[in-house]
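Quick look at input22.pdb (PDB, C-alpha atoms, pLDDT in the B column):
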```pdb
ATOM      1  CA  MET O   1      44.298  32.915  19.876  1.00 41.00           C
ATOM      2  CA  GLU O   2      47.966  33.678  20.113  1.00 41.00           C
ATOM      3  CA  GLY O   3      47.969  37.422  20.617  1.00 41.00           C
ATOM      4  CA  ALA O   4      50.134  39.912  18.865  1.00 36.00           C
ATOM      5  CA  GLY O   5      53.388  39.168  20.640  1.00 40.00           C
ATOM      6  CA  GLY O   6      56.008  36.931  19.089  1.00 51.00           C
ATOM      7  CA  LEU O   7      55.512  34.048  16.794  1.00 64.00           C
ATOM      8  CA  SER O   8      52.879  31.650  17.955  1.00 69.00           C
ATOM      9  CA  THR O   9      53.838  28.664  20.030  1.00 78.00           C
ATOM     10  CA  SER O  10      51.663  26.588  17.740  1.00 80.00           C
ATOM     11  CA  LEU O  11      53.824  27.268  14.714  1.00 84.00           C
ATOM     12  CA  ARG O  12      56.969  26.469  16.606  1.00 83.00           C
ATOM     13  CA  ARG O  13      55.499  23.321  18.082  1.00 82.00           C
ATOM     14  CA  GLY O  14      54.366  22.120  14.675  1.00 85.00           C
ATOM     15  CA  THR O  15      57.824  22.272  13.148  1.00 90.00           C
ATOM     16  CA  LEU O  16      60.396  21.724  15.879  1.00 91.00           C
ATOM     17  CA  GLU O  17      60.471  17.931  15.779  1.00 93.00           C
ATOM     18  CA  PHE O  18      60.911  17.963  12.012  1.00 95.00           C
ATOM     19  CA  CYS O  19      63.727  20.483  12.272  1.00 94.00           C
ATOM     20  CA  VAL O  20      65.415  18.089  14.700  1.00 95.00           C
ATOM     21  CA  LEU O  21      64.968  15.179  12.264  1.00 96.00           C
ATOM     22  CA  ALA O  22      66.348  17.348   9.457  1.00 96.00           C
ATOM     23  CA  LEU O  23      69.465  18.130  11.486  1.00 95.00           C
ATOM     24  CA  MET O  24      70.003  14.396  12.040  1.00 96.00           C
ATOM     25  CA  GLU O  25      69.719  13.810   8.334  1.00 95.00           C
ATOM     26  CA  ARG O  26      72.921  15.806   7.948  1.00 94.00           C
ATOM     27  CA  GLY O  27      74.677  13.492  10.367  1.00 93.00           C
ATOM     28  CA  ASP O  28      74.260  11.865  13.773  1.00 94.00           C
ATOM     29  CA  GLN O  29      73.732  14.375  16.566  1.00 93.00           C
ATOM     30  CA  TYR O  30      74.004  14.517  20.318  1.00 93.00           C
ATOM     31  CA  GLY O  31      71.686  16.517  22.526  1.00 92.00           C
ATOM     32  CA  THR O  32      73.741  19.542  23.425  1.00 91.00           C
ATOM     33  CA  GLU O  33      74.862  19.913  19.829  1.00 92.00           C
ATOM     34  CA  LEU O  34      71.221  19.974  18.706  1.00 93.00           C
ATOM     35  CA  VAL O  35      70.461  22.637  21.306  1.00 93.00           C
ATOM     36  CA  ARG O  36      73.376  24.684  20.011  1.00 92.00           C
ATOM     37  CA  GLN O  37      72.296  24.436  16.368  1.00 91.00           C
ATOM     38  CA  LEU O  38      68.656  25.253  17.091  1.00 90.00           C
ATOM     39  CA  GLY O  39      69.718  28.091  19.368  1.00 86.00           C
ATOM     40  CA  ALA O  40      71.316  29.776  16.393  1.00 85.00           C
ATOM     41  CA  GLU O  41      67.775  30.278  15.034  1.00 81.00           C
ATOM     42  CA  ARG O  42      65.832  32.748  17.129  1.00 74.00           C
ATOM     43  CA  ASN O  43      62.504  31.091  16.355  1.00 75.00           C
ATOM     44  CA  LEU O  44      63.599  27.636  17.386  1.00 83.00           C
ATOM     45  CA  ALA O  45      65.781  28.165  20.429  1.00 82.00           C
ATOM     46  CA  ILE O  46      65.102  25.459  23.017  1.00 85.00           C
ATOM     47  CA  SER O  47      66.627  24.348  26.271  1.00 87.00           C
ATOM     48  CA  GLU O  48      68.070  20.968  27.195  1.00 87.00           C
ATOM     49  CA  GLY O  49      64.942  20.488  29.277  1.00 90.00           C
ATOM     50  CA  THR O  50      62.951  20.582  26.044  1.00 88.00           C
ATOM     51  CA  ILE O  51      65.224  18.669  23.701  1.00 92.00           C
ATOM     52  CA  TYR O  52      65.568  15.477  25.754  1.00 93.00           C
ATOM     53  CA  PRO O  53      61.835  14.803  26.149  1.00 94.00           C
ATOM     54  CA  LEU O  54      61.440  15.561  22.433  1.00 94.00           C
ATOM     55  CA  LEU O  55      64.230  13.123  21.558  1.00 95.00           C
ATOM     56  CA  SER O  56      62.610  10.471  23.770  1.00 96.00           C
ATOM     57  CA  ARG O  57      59.325  10.893  21.913  1.00 96.00           C
ATOM     58  CA  LEU O  58      61.095  10.629  18.569  1.00 97.00           C
ATOM     59  CA  ARG O  59      62.745   7.432  19.760  1.00 97.00           C
ATOM     60  CA  ARG O  60      59.485   5.945  21.011  1.00 97.00           C
ATOM     61  CA  SER O  61      57.959   6.748  17.623  1.00 97.00           C
ATOM     62  CA  GLY O  62      60.771   4.745  16.047  1.00 98.00           C
ATOM     63  CA  TRP O  63      62.002   7.759  14.079  1.00 98.00           C
ATOM     64  CA  VAL O  64      65.431   7.942  15.695  1.00 97.00           C
ATOM     65  CA  GLU O  65      67.796   5.464  17.321  1.00 97.00           C
ATOM     66  CA  THR O  66      70.668   6.025  19.670  1.00 96.00           C
ATOM     67  CA  THR O  67      74.222   4.836  20.147  1.00 96.00           C
ATOM     68  CA  TRP O  68      76.788   5.670  22.801  1.00 96.00           C
ATOM     69  CA  ARG O  69      80.135   6.892  21.554  1.00 94.00           C
ATOM     70  CA  GLU O  70      83.367   7.984  23.124  1.00 93.00           C
ATOM     71  CA  SER O  71      83.808  11.719  23.456  1.00 89.00           C
ATOM     72  CA  PRO O  72      87.167  13.396  22.812  1.00 88.00           C
ATOM     73  CA  SER O  73      86.628  15.051  26.188  1.00 87.00           C
ATOM     74  CA  GLY O  74      84.448  13.980  29.085  1.00 89.00           C
ATOM     75  CA  PRO O  75      82.034  11.046  29.343  1.00 92.00           C
ATOM     76  CA  PRO O  76      80.605   9.080  26.376  1.00 94.00           C
ATOM     77  CA  ARG O  77      77.873  10.799  24.412  1.00 94.00           C
ATOM     78  CA  ARG O  78      74.544   9.445  23.291  1.00 95.00           C
ATOM     79  CA  TYR O  79      74.196  10.049  19.557  1.00 96.00           C
ATOM     80  CA  TYR O  80      70.860  10.171  17.794  1.00 97.00           C
ATOM     81  CA  SER O  81      70.417   9.085  14.198  1.00 97.00           C
ATOM     82  CA  LEU O  82      67.528   8.918  11.803  1.00 97.00           C
ATOM     83  CA  THR O  83      65.872   5.536  11.180  1.00 98.00           C
ATOM     84  CA  PRO O  84      64.368   4.707   7.749  1.00 98.00           C
ATOM     85  CA  SER O  85      60.969   5.431   9.293  1.00 98.00           C
ATOM     86  CA  GLY O  86      62.170   8.818  10.563  1.00 97.00           C
ATOM     87  CA  SER O  87      63.583   9.592   7.159  1.00 97.00           C
ATOM     88  CA  SER O  88      60.252   8.804   5.550  1.00 97.00           C
ATOM     89  CA  VAL O  89      58.381  11.001   8.038  1.00 95.00           C
ATOM     90  CA  LEU O  90      60.773  13.840   7.296  1.00 96.00           C
ATOM     91  CA  GLN O  91      60.248  13.510   3.537  1.00 95.00           C
ATOM     92  CA  HIS O  92      56.523  13.595   4.103  1.00 93.00           C
ATOM     93  CA  PHE O  93      56.753  16.732   6.240  1.00 93.00           C
ATOM     94  CA  ARG O  94      59.007  18.364   3.678  1.00 94.00           C
ATOM     95  CA  ARG O  95      56.339  18.015   0.991  1.00 91.00           C
ATOM     96  CA  GLU O  96      53.531  19.122   3.289  1.00 90.00           C
ATOM     97  CA  TRP O  97      55.558  22.056   4.521  1.00 92.00           C
ATOM     98  CA  ALA O  98      56.170  23.311   0.970  1.00 92.00           C
ATOM     99  CA  VAL O  99      52.433  23.309   0.243  1.00 89.00           C
ATOM    100  CA  PHE O 100      51.542  24.909   3.584  1.00 90.00           C
ATOM    101  CA  ARG O 101      54.208  27.594   3.260  1.00 92.00           C
ATOM    102  CA  ASP O 102      53.059  28.514  -0.234  1.00 92.00           C
ATOM    103  CA  THR O 103      49.440  28.700   0.922  1.00 91.00           C
ATOM    104  CA  VAL O 104      50.243  31.082   3.770  1.00 93.00           C
ATOM    105  CA  ASP O 105      52.511  33.121   1.515  1.00 94.00           C
ATOM    106  CA  ARG O 106      49.719  33.444  -1.019  1.00 93.00           C
ATOM    107  CA  ILE O 107      47.078  34.501   1.520  1.00 93.00           C
ATOM    108  CA  VAL O 108      49.088  36.498   4.037  1.00 93.00           C
ATOM    109  CA  GLY O 109      51.752  37.714   1.653  1.00 85.00           C
ATOM    110  CA  THR O 110      54.981  39.243   2.781  1.00 66.00           C
ATOM    111  CA  ASP O 111      54.441  42.884   1.876  1.00 59.00           C
ATOM    112  CA  SER O 112      51.883  45.471   2.763  1.00 51.00           C
ATOM    113  CA  PRO O 113      49.181  45.731   0.115  1.00 47.00           C
TER     114      PRO O 113
ATOM    115  CA  MET Y 114      53.998  14.794  18.508  1.00 41.00           C
ATOM    116  CA  GLU Y 115      51.885  15.073  15.394  1.00 41.00           C
ATOM    117  CA  GLY Y 116      52.586  11.752  13.702  1.00 41.00           C
ATOM    118  CA  ALA Y 117      53.294  11.246  10.048  1.00 36.00           C
ATOM    119  CA  GLY Y 118      49.816  11.868   8.721  1.00 40.00           C
ATOM    120  CA  GLY Y 119      48.848  15.216   7.264  1.00 51.00           C
ATOM    121  CA  LEU Y 120      50.083  18.588   8.203  1.00 64.00           C
ATOM    122  CA  SER Y 121      50.090  19.230  11.888  1.00 69.00           C
ATOM    123  CA  THR Y 122      47.109  20.831  13.522  1.00 78.00           C
ATOM    124  CA  SER Y 123      49.549  23.091  15.324  1.00 80.00           C
ATOM    125  CA  LEU Y 124      50.748  24.700  12.123  1.00 84.00           C
ATOM    126  CA  ARG Y 125      47.237  25.251  10.889  1.00 84.00           C
ATOM    127  CA  ARG Y 126      46.128  26.637  14.246  1.00 82.00           C
ATOM    128  CA  GLY Y 127      49.048  29.037  14.322  1.00 85.00           C
ATOM    129  CA  THR Y 128      48.200  30.660  11.016  1.00 90.00           C
ATOM    130  CA  LEU Y 129      44.467  30.425  10.439  1.00 91.00           C
ATOM    131  CA  GLU Y 130      43.449  33.584  12.289  1.00 93.00           C
ATOM    132  CA  PHE Y 131      46.059  35.611  10.427  1.00 95.00           C
ATOM    133  CA  CYS Y 132      44.907  34.209   7.106  1.00 94.00           C
ATOM    134  CA  VAL Y 133      41.414  35.375   8.027  1.00 95.00           C
ATOM    135  CA  LEU Y 134      42.706  38.857   8.891  1.00 96.00           C
ATOM    136  CA  ALA Y 135      44.624  38.916   5.592  1.00 96.00           C
ATOM    137  CA  LEU Y 136      41.469  38.108   3.634  1.00 95.00           C
ATOM    138  CA  MET Y 137      39.689  41.019   5.378  1.00 96.00           C
ATOM    139  CA  GLU Y 138      42.499  43.309   4.403  1.00 95.00           C
ATOM    140  CA  ARG Y 139      41.454  42.788   0.776  1.00 94.00           C
ATOM    141  CA  GLY Y 140      37.949  43.907   1.633  1.00 93.00           C
ATOM    142  CA  ASP Y 141      35.155  43.365   4.128  1.00 94.00           C
ATOM    143  CA  GLN Y 142      34.059  39.743   4.367  1.00 93.00           C
ATOM    144  CA  TYR Y 143      31.089  37.783   5.590  1.00 93.00           C
ATOM    145  CA  GLY Y 144      31.349  34.376   7.221  1.00 92.00           C
ATOM    146  CA  THR Y 145      30.290  32.024   4.462  1.00 91.00           C
ATOM    147  CA  GLU Y 146      32.456  33.867   1.962  1.00 92.00           C
ATOM    148  CA  LEU Y 147      35.482  33.397   4.266  1.00 93.00           C
ATOM    149  CA  VAL Y 148      34.698  29.685   4.531  1.00 93.00           C
ATOM    150  CA  ARG Y 149      34.536  29.479   0.740  1.00 92.00           C
ATOM    151  CA  GLN Y 150      37.865  31.262   0.231  1.00 91.00           C
ATOM    152  CA  LEU Y 151      39.680  29.225   2.872  1.00 90.00           C
ATOM    153  CA  GLY Y 152      38.105  26.039   1.530  1.00 86.00           C
ATOM    154  CA  ALA Y 153      39.905  26.630  -1.757  1.00 85.00           C
ATOM    155  CA  GLU Y 154      43.145  25.944   0.149  1.00 81.00           C
ATOM    156  CA  ARG Y 155      43.388  22.336   1.216  1.00 74.00           C
ATOM    157  CA  ASN Y 156      45.489  23.149   4.273  1.00 75.00           C
ATOM    158  CA  LEU Y 157      43.094  25.734   5.607  1.00 83.00           C
ATOM    159  CA  ALA Y 158      39.648  24.338   4.905  1.00 82.00           C
ATOM    160  CA  ILE Y 159      37.315  25.022   7.829  1.00 85.00           C
ATOM    161  CA  SER Y 160      33.647  24.690   8.552  1.00 87.00           C
ATOM    162  CA  GLU Y 161      31.157  27.364   9.561  1.00 88.00           C
ATOM    163  CA  GLY Y 162      31.298  25.804  13.017  1.00 90.00           C
ATOM    164  CA  THR Y 163      34.945  26.845  13.191  1.00 89.00           C
ATOM    165  CA  ILE Y 164      34.853  30.230  11.504  1.00 92.00           C
ATOM    166  CA  TYR Y 165      32.211  31.866  13.693  1.00 93.00           C
ATOM    167  CA  PRO Y 166      33.914  31.177  17.032  1.00 94.00           C
ATOM    168  CA  LEU Y 167      37.168  32.357  15.457  1.00 94.00           C
ATOM    169  CA  LEU Y 168      35.517  35.564  14.235  1.00 96.00           C
ATOM    170  CA  SER Y 169      34.054  36.140  17.709  1.00 96.00           C
ATOM    171  CA  ARG Y 170      37.501  35.823  19.248  1.00 96.00           C
ATOM    172  CA  LEU Y 171      38.926  38.249  16.693  1.00 97.00           C
ATOM    173  CA  ARG Y 172      36.169  40.693  17.563  1.00 97.00           C
ATOM    174  CA  ARG Y 173      36.712  40.365  21.298  1.00 97.00           C
ATOM    175  CA  SER Y 174      40.405  41.019  20.688  1.00 97.00           C
ATOM    176  CA  GLY Y 175      39.413  44.245  18.937  1.00 98.00           C
ATOM    177  CA  TRP Y 176      41.009  43.145  15.683  1.00 98.00           C
ATOM    178  CA  VAL Y 177      37.824  43.123  13.627  1.00 97.00           C
ATOM    179  CA  GLU Y 178      34.510  44.953  13.748  1.00 97.00           C
ATOM    180  CA  THR Y 179      31.171  44.089  12.223  1.00 96.00           C
ATOM    181  CA  THR Y 180      28.396  45.803  10.337  1.00 96.00           C
ATOM    182  CA  TRP Y 181      25.108  44.460   9.029  1.00 96.00           C
ATOM    183  CA  ARG Y 182      24.435  45.021   5.368  1.00 94.00           C
ATOM    184  CA  GLU Y 183      21.625  44.239   2.995  1.00 93.00           C
ATOM    185  CA  SER Y 184      22.157  41.152   0.880  1.00 89.00           C
ATOM    186  CA  PRO Y 185      21.121  41.063  -2.792  1.00 88.00           C
ATOM    187  CA  SER Y 186      19.341  37.842  -1.885  1.00 87.00           C
ATOM    188  CA  GLY Y 187      18.112  36.621   1.484  1.00 89.00           C
ATOM    189  CA  PRO Y 188      18.552  38.210   4.920  1.00 92.00           C
ATOM    190  CA  PRO Y 189      21.104  40.931   5.814  1.00 94.00           C
ATOM    191  CA  ARG Y 190      24.670  39.765   6.216  1.00 94.00           C
ATOM    192  CA  ARG Y 191      27.108  40.520   8.980  1.00 95.00           C
ATOM    193  CA  TYR Y 192      30.310  41.847   7.427  1.00 96.00           C
ATOM    194  CA  TYR Y 193      33.647  41.728   9.196  1.00 97.00           C
ATOM    195  CA  SER Y 194      36.330  44.331   8.641  1.00 97.00           C
ATOM    196  CA  LEU Y 195      39.819  44.898   9.963  1.00 97.00           C
ATOM    197  CA  THR Y 196      40.326  47.503  12.694  1.00 98.00           C
ATOM    198  CA  PRO Y 197      43.565  49.526  12.888  1.00 98.00           C
ATOM    199  CA  SER Y 198      44.612  47.196  15.714  1.00 98.00           C
ATOM    200  CA  GLY Y 199      43.881  44.130  13.572  1.00 97.00           C
ATOM    201  CA  SER Y 200      45.852  45.634  10.743  1.00 97.00           C
ATOM    202  CA  SER Y 201      48.805  46.176  13.044  1.00 97.00           C
ATOM    203  CA  VAL Y 202      48.631  42.585  14.321  1.00 95.00           C
ATOM    204  CA  LEU Y 203      48.573  41.338  10.756  1.00 96.00           C
ATOM    205  CA  GLN Y 204      51.629  43.384   9.815  1.00 95.00           C
ATOM    206  CA  HIS Y 205      53.434  41.993  12.822  1.00 93.00           C
ATOM    207  CA  PHE Y 206      52.548  38.414  11.906  1.00 93.00           C
ATOM    208  CA  ARG Y 207      53.615  39.028   8.307  1.00 94.00           C
ATOM    209  CA  ARG Y 208      57.117  39.955   9.447  1.00 91.00           C
ATOM    210  CA  GLU Y 209      57.343  37.087  11.941  1.00 90.00           C
ATOM    211  CA  TRP Y 210      56.030  34.638   9.390  1.00 92.00           C
ATOM    212  CA  ALA Y 211      58.710  35.611   6.860  1.00 92.00           C
ATOM    213  CA  VAL Y 212      61.464  34.948   9.405  1.00 89.00           C
ATOM    214  CA  PHE Y 213      59.907  31.693  10.593  1.00 90.00           C
ATOM    215  CA  ARG Y 214      59.318  30.424   7.059  1.00 92.00           C
ATOM    216  CA  ASP Y 215      62.908  31.155   6.064  1.00 92.00           C
ATOM    217  CA  THR Y 216      64.206  29.388   9.175  1.00 91.00           C
ATOM    218  CA  VAL Y 217      62.240  26.216   8.487  1.00 93.00           C
ATOM    219  CA  ASP Y 218      63.176  26.338   4.803  1.00 94.00           C
ATOM    220  CA  ARG Y 219      66.822  26.605   5.759  1.00 93.00           C
ATOM    221  CA  ILE Y 220      66.775  23.713   8.222  1.00 93.00           C
ATOM    222  CA  VAL Y 221      64.241  21.356   6.702  1.00 93.00           C
ATOM    223  CA  GLY Y 222      64.842  22.336   3.108  1.00 85.00           C
ATOM    224  CA  THR Y 223      62.540  21.388   0.299  1.00 66.00           C
ATOM    225  CA  ASP Y 224      64.571  18.744  -1.495  1.00 59.00           C
ATOM    226  CA  SER Y 225      66.141  15.484  -0.500  1.00 51.00           C
ATOM    227  CA  PRO Y 226      69.816  15.860   0.259  1.00 46.00           C
TER     228      PRO Y 226
END
```

Here is a file; write its structure as structure tokens.
Amino acid sequence: MEGAGGLSTSLRRGTLEFCVLALMERGDQYGTELVRQLGAERNLAISEGTIYPLLSRLRRSGWVETTWRESPSGPPRRYYSLTPSGSSVLQHFRREWAVFRDTVDRIVGTDSP
Amino acid sequence: MEGAGGLSTSLRRGTLEFCVLALMERGDQYGTELVRQLGAERNLAISEGTIYPLLSRLRRSGWVETTWRESPSGPPRRYYSLTPSGSSVLQHFRREWAVFRDTVDRIVGTDSP
């Protein structure tokens, strides 16, 4: 039971990792840049304390891999990129998401009856 | 971490109770009829062992109320209907859902790049 306040943590938790994979699909990412991009979406805003454990899990799952690269300013950055396995997982989620979204839209609707 | 198989339990958990409230908005419902309607949606199929605890929680939250009614066949049925508070919660979720759905659509997309 999530209560009436705010969007449920469950929904957020069920999509965040796939949103992160989707951002990597657009190009390799480093942690603080991911935090910045997700922070632009009020439903997905996360802290660095959340993103790094999430990225570690994605890496242990074999869905992302990392490389160190020079930064134009400051120390080298660890970049995260999608592996073929991560890409496949993302495609799978994308299909499942479309079905799930349409189901909830159909039942819950978006307008008052 | 939900893994690659099936839609995440988190997503389902975050929406199921609101789908149940939305079905009640169309008219009073009894338990087995709710199970039947949700079962028509592959992402939301639940058993009677799941629906009754969920309905109890909704009742304790004050979002639904119950009445016993005669059944055309068999014993009386307990009908569940939306309270004004439940209706308000549903409207709130409906707005939050629309924003969340659009966010995930925008980031994850529905087609391969």

### Query
What's the 9 Å shell around stretch 189-206 of chain Y, counting only C-alpha atoms, without same-chain residues fewer than 2 positions away, as a ChimeraX atom specification?
/O:3-7,108,110-112 /Y:128,131-132,134-135,137-138,140-144,168,171-172,174-187,208-211

Can you superpose chain O onto chain Y by least squares over all C-alpha atoms paired in order and give the moved copy as an mmCIF file with C-alpha atoms, keeping the file's coordinate frame?
```cif
data_model
loop_
_atom_site.group_PDB
_atom_site.id
_atom_site.type_symbol
_atom_site.label_atom_id
_atom_site.label_comp_id
_atom_site.auth_asym_id
_atom_site.auth_seq_id
_atom_site.Cartn_x
_atom_site.Cartn_y
_atom_site.Cartn_z
ATOM 1 C CA MET O 1 54.041 14.813 18.527
ATOM 2 C CA GLU O 2 51.912 15.090 15.448
ATOM 3 C CA GLY O 3 52.568 11.791 13.728
ATOM 4 C CA ALA O 4 53.314 11.269 10.104
ATOM 5 C CA GLY O 5 49.843 11.865 8.730
ATOM 6 C CA GLY O 6 48.854 15.205 7.266
ATOM 7 C CA LEU O 7 50.086 18.587 8.200
ATOM 8 C CA SER O 8 50.090 19.208 11.894
ATOM 9 C CA THR O 9 47.121 20.835 13.531
ATOM 10 C CA SER O 10 49.563 23.092 15.326
ATOM 11 C CA LEU O 11 50.775 24.692 12.123
ATOM 12 C CA ARG O 12 47.264 25.244 10.906
ATOM 13 C CA ARG O 13 46.136 26.635 14.229
ATOM 14 C CA GLY O 14 49.054 29.044 14.337
ATOM 15 C CA THR O 15 48.217 30.664 11.022
ATOM 16 C CA LEU O 16 44.477 30.422 10.448
ATOM 17 C CA GLU O 17 43.455 33.575 12.296
ATOM 18 C CA PHE O 18 46.063 35.604 10.433
ATOM 19 C CA CYS O 19 44.906 34.205 7.108
ATOM 20 C CA VAL O 20 41.404 35.372 8.030
ATOM 21 C CA LEU O 21 42.707 38.861 8.884
ATOM 22 C CA ALA O 22 44.626 38.923 5.597
ATOM 23 C CA LEU O 23 41.468 38.112 3.646
ATOM 24 C CA MET O 24 39.693 41.010 5.375
ATOM 25 C CA GLU O 25 42.509 43.308 4.403
ATOM 26 C CA ARG O 26 41.469 42.774 0.795
ATOM 27 C CA GLY O 27 37.956 43.900 1.621
ATOM 28 C CA ASP O 28 35.166 43.358 4.139
ATOM 29 C CA GLN O 29 34.056 39.740 4.373
ATOM 30 C CA TYR O 30 31.089 37.775 5.601
ATOM 31 C CA GLY O 31 31.335 34.374 7.220
ATOM 32 C CA THR O 32 30.283 32.026 4.470
ATOM 33 C CA GLU O 33 32.453 33.881 1.986
ATOM 34 C CA LEU O 34 35.468 33.397 4.266
ATOM 35 C CA VAL O 35 34.683 29.689 4.521
ATOM 36 C CA ARG O 36 34.517 29.500 0.739
ATOM 37 C CA GLN O 37 37.848 31.271 0.223
ATOM 38 C CA LEU O 38 39.672 29.226 2.857
ATOM 39 C CA GLY O 39 38.107 26.047 1.509
ATOM 40 C CA ALA O 40 39.891 26.649 -1.762
ATOM 41 C CA GLU O 41 43.148 25.956 0.122
ATOM 42 C CA ARG O 42 43.390 22.335 1.170
ATOM 43 C CA ASN O 43 45.477 23.154 4.235
ATOM 44 C CA LEU O 44 43.090 25.736 5.590
ATOM 45 C CA ALA O 45 39.643 24.350 4.885
ATOM 46 C CA ILE O 46 37.327 25.032 7.827
ATOM 47 C CA SER O 47 33.651 24.688 8.546
ATOM 48 C CA GLU O 48 31.161 27.359 9.555
ATOM 49 C CA GLY O 49 31.291 25.813 13.011
ATOM 50 C CA THR O 50 34.943 26.843 13.175
ATOM 51 C CA ILE O 51 34.849 30.230 11.491
ATOM 52 C CA TYR O 52 32.202 31.864 13.692
ATOM 53 C CA PRO O 53 33.915 31.173 17.028
ATOM 54 C CA LEU O 54 37.177 32.354 15.448
ATOM 55 C CA LEU O 55 35.520 35.558 14.230
ATOM 56 C CA SER O 56 34.059 36.127 17.707
ATOM 57 C CA ARG O 57 37.521 35.826 19.238
ATOM 58 C CA LEU O 58 38.941 38.247 16.688
ATOM 59 C CA ARG O 59 36.177 40.691 17.554
ATOM 60 C CA ARG O 60 36.736 40.352 21.292
ATOM 61 C CA SER O 61 40.429 41.014 20.678
ATOM 62 C CA GLY O 62 39.411 44.230 18.939
ATOM 63 C CA TRP O 63 41.016 43.134 15.669
ATOM 64 C CA VAL O 64 37.820 43.108 13.622
ATOM 65 C CA GLU O 65 34.504 44.942 13.751
ATOM 66 C CA THR O 66 31.186 44.079 12.227
ATOM 67 C CA THR O 67 28.399 45.786 10.332
ATOM 68 C CA TRP O 68 25.106 44.459 9.023
ATOM 69 C CA ARG O 69 24.419 45.035 5.355
ATOM 70 C CA GLU O 70 21.627 44.240 2.973
ATOM 71 C CA SER O 71 22.153 41.158 0.856
ATOM 72 C CA PRO O 72 21.129 41.059 -2.811
ATOM 73 C CA SER O 73 19.345 37.833 -1.896
ATOM 74 C CA GLY O 74 18.134 36.611 1.471
ATOM 75 C CA PRO O 75 18.545 38.192 4.911
ATOM 76 C CA PRO O 76 21.092 40.914 5.812
ATOM 77 C CA ARG O 77 24.670 39.768 6.215
ATOM 78 C CA ARG O 78 27.105 40.519 8.986
ATOM 79 C CA TYR O 79 30.311 41.847 7.441
ATOM 80 C CA TYR O 80 33.648 41.727 9.202
ATOM 81 C CA SER O 81 36.336 44.331 8.651
ATOM 82 C CA LEU O 82 39.808 44.894 9.968
ATOM 83 C CA THR O 83 40.317 47.501 12.709
ATOM 84 C CA PRO O 84 43.576 49.517 12.898
ATOM 85 C CA SER O 85 44.608 47.194 15.725
ATOM 86 C CA GLY O 86 43.879 44.124 13.587
ATOM 87 C CA SER O 87 45.844 45.634 10.751
ATOM 88 C CA SER O 88 48.808 46.175 13.037
ATOM 89 C CA VAL O 89 48.633 42.595 14.328
ATOM 90 C CA LEU O 90 48.576 41.334 10.759
ATOM 91 C CA GLN O 91 51.645 43.385 9.818
ATOM 92 C CA HIS O 92 53.434 41.992 12.828
ATOM 93 C CA PHE O 93 52.550 38.411 11.902
ATOM 94 C CA ARG O 94 53.619 39.026 8.327
ATOM 95 C CA ARG O 95 57.132 39.947 9.451
ATOM 96 C CA GLU O 96 57.351 37.090 11.937
ATOM 97 C CA TRP O 97 56.037 34.637 9.388
ATOM 98 C CA ALA O 98 58.719 35.610 6.855
ATOM 99 C CA VAL O 99 61.472 34.947 9.399
ATOM 100 C CA PHE O 100 59.907 31.686 10.596
ATOM 101 C CA ARG O 101 59.329 30.411 7.066
ATOM 102 C CA ASP O 102 62.912 31.138 6.063
ATOM 103 C CA THR O 103 64.219 29.389 9.178
ATOM 104 C CA VAL O 104 62.247 26.216 8.490
ATOM 105 C CA ASP O 105 63.188 26.346 4.818
ATOM 106 C CA ARG O 106 66.846 26.609 5.754
ATOM 107 C CA ILE O 107 66.769 23.715 8.235
ATOM 108 C CA VAL O 108 64.230 21.360 6.696
ATOM 109 C CA GLY O 109 64.807 22.334 3.094
ATOM 110 C CA THR O 110 62.474 21.410 0.312
ATOM 111 C CA ASP O 111 64.490 18.767 -1.509
ATOM 112 C CA SER O 112 66.044 15.501 -0.538
ATOM 113 C CA PRO O 113 69.717 15.898 0.315
#
```

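Closest approach to chain Y from the set O:Ala40, O:Ile51, O:Leu34, O:Ile107 is made by O:Ile107, with distances taken over all atoms listed in the file.
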
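The residue that comes closest to chain O, out of Y:Gly152, Y:Gly162, Y:Arg207, Y:Asp215 and on the basis of all atoms listed in the file, is Y:Arg207.
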
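One distance worth recording is that between atom CA of O:Arg101 and atom CA of Y:Tyr165, which is 24.7 Å.
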
Can you sort out stretch 175-180 of chain Y so it carries N, CA, C and O atoms, written as a tab-separated table (two decimals), in the coordinates of the input?
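The result, stored in rebuild10.tsv:
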```tsv
chain	number	residue	atom	x	y	z
Y	175	GLY	N	39.41	42.89	19.51
Y	175	GLY	CA	39.41	44.24	18.94
Y	175	GLY	C	40.11	44.31	17.58
Y	175	GLY	O	40.46	45.40	17.12
Y	176	TRP	N	40.30	43.17	16.96
Y	176	TRP	CA	41.01	43.14	15.68
Y	176	TRP	C	40.08	43.26	14.49
Y	176	TRP	O	40.51	43.57	13.39
Y	177	VAL	N	38.81	42.95	14.69
Y	177	VAL	CA	37.82	43.12	13.63
Y	177	VAL	C	36.58	43.79	14.21
Y	177	VAL	O	36.34	43.74	15.42
Y	178	GLU	N	35.80	44.43	13.34
Y	178	GLU	CA	34.51	44.95	13.75
Y	178	GLU	C	33.47	44.54	12.73
Y	178	GLU	O	33.83	44.11	11.62
Y	179	THR	N	32.22	44.62	13.11
Y	179	THR	CA	31.17	44.09	12.22
Y	179	THR	C	30.13	45.15	11.90
Y	179	THR	O	29.90	46.08	12.67
Y	180	THR	N	29.55	44.99	10.73
Y	180	THR	CA	28.40	45.80	10.34
Y	180	THR	C	27.41	44.90	9.61
Y	180	THR	O	27.80	43.94	8.95
```
